[in-house]
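Following: one structure in structure tokens, then a few remarks.
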Amino acid sequence: FSEAVKKGTGTITIDQGTGNPSLTLNVTDSRVTINGNTVTITLPSSLASGARVSVQIPGSAITDLANNAFAGFGPGSWSFTVADTQAPV
């Protein structure tokens, strides 16, 4: 973020695609930390190799220090593919 932020309310969803478990975290969970303008989500395990990951964060989940809400990430607006780290057989 371009300025300091704080936790608001809502649920962060990390979807790892077909066949992989999704993770849902309340923004108040201790695995969601904020240090100034940096938000860190600590996952309980590594993301699946080659998974297509989509992250959803509602606008209410993060605010600036004046309580202005973050725009949020809806379904499909923030996604990426995890590097394939499995050795070929």
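Residues are named by chain letter and number: chains run A, B, ... in the order of the structure tokens, numbers start at 1 in each chain, and ligands are numbered from 1 in the order shown.
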
Check which residues of range 4-39 of chain A sit at most 12 Å from range 66-84 of chain A using only C-alpha atoms, and return one row each with the closest pair of atoms and their distance in Å to one decimal, ordered by chain and rising number, as a Markdown table.
```
| residue | atom | partner | partner_atom | distance |
| --- | --- | --- | --- | --- |
| A:Ala4 | CA | A:Ala66 | CA | 9.8 |
| A:Val5 | CA | A:Asn67 | CA | 8.7 |
| A:Lys6 | CA | A:Asn67 | CA | 8.4 |
| A:Lys7 | CA | A:Asn67 | CA | 9.7 |
| A:Gly8 | CA | A:Ala69 | CA | 8.2 |
| A:Thr9 | CA | A:Ala69 | CA | 10.2 |
| A:Gly10 | CA | A:Gly72 | CA | 10.6 |
| A:Thr11 | CA | A:Gly72 | CA | 11.1 |
| A:Ile12 | CA | A:Phe73 | CA | 9.5 |
| A:Thr13 | CA | A:Pro75 | CA | 9.5 |
| A:Ile14 | CA | A:Ser79 | CA | 9.5 |
| A:Asp15 | CA | A:Ser79 | CA | 9.2 |
| A:Gln16 | CA | A:Thr81 | CA | 9.1 |
| A:Gly17 | CA | A:Thr81 | CA | 9.9 |
```

As a ChimeraX atom specification, please: all residues of chain A that backbone DSSP puts in strand (DSSP E). /A:5-7,11-15,23-26,32-35,38-41,52-56,62-64,79-81

Spatial neighbours of Glu3 in chain A, 9 Å, only C-alpha atoms, chain gap at least 6 places, as a PDB file with N, CA and C atoms, in the first residue's frame:
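Once written, around.pdb looks like this:
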```pdb
ATOM      1  N   GLY A  36       2.905  -1.140   9.142  1.00  0.00           N
ATOM      2  CA  GLY A  36       2.902   0.080   8.338  1.00  0.00           C
ATOM      3  C   GLY A  36       2.038  -0.074   7.101  1.00  0.00           C
ATOM      4  N   ASN A  37       2.671  -0.089   5.928  1.00  0.00           N
ATOM      5  CA  ASN A  37       1.919  -0.212   4.671  1.00  0.00           C
ATOM      6  C   ASN A  37       2.027  -1.606   4.045  1.00  0.00           C
ATOM      7  N   THR A  38       2.474  -2.581   4.833  1.00  0.00           N
ATOM      8  CA  THR A  38       2.653  -3.945   4.325  1.00  0.00           C
ATOM      9  C   THR A  38       1.718  -4.905   5.040  1.00  0.00           C
ATOM     10  N   ASP A  64      -7.254   2.523   5.592  1.00  0.00           N
ATOM     11  CA  ASP A  64      -6.141   3.376   5.971  1.00  0.00           C
ATOM     12  C   ASP A  64      -6.403   3.877   7.396  1.00  0.00           C
ATOM     13  N   LEU A  65      -5.502   4.658   7.925  1.00  0.00           N
ATOM     14  CA  LEU A  65      -5.637   5.077   9.320  1.00  0.00           C
ATOM     15  C   LEU A  65      -6.794   6.054   9.535  1.00  0.00           C
TER      16      LEU A  65
END
```

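CA of Ser22 in chain A to CA of Thr63 in chain A spans 24.5 Å [interatomic distance, one decimal].
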
Can you tell me how far CA of Leu43 in chain A sits from CA of Arg31 in chain A, in Å to one decimal? 7.2 Å
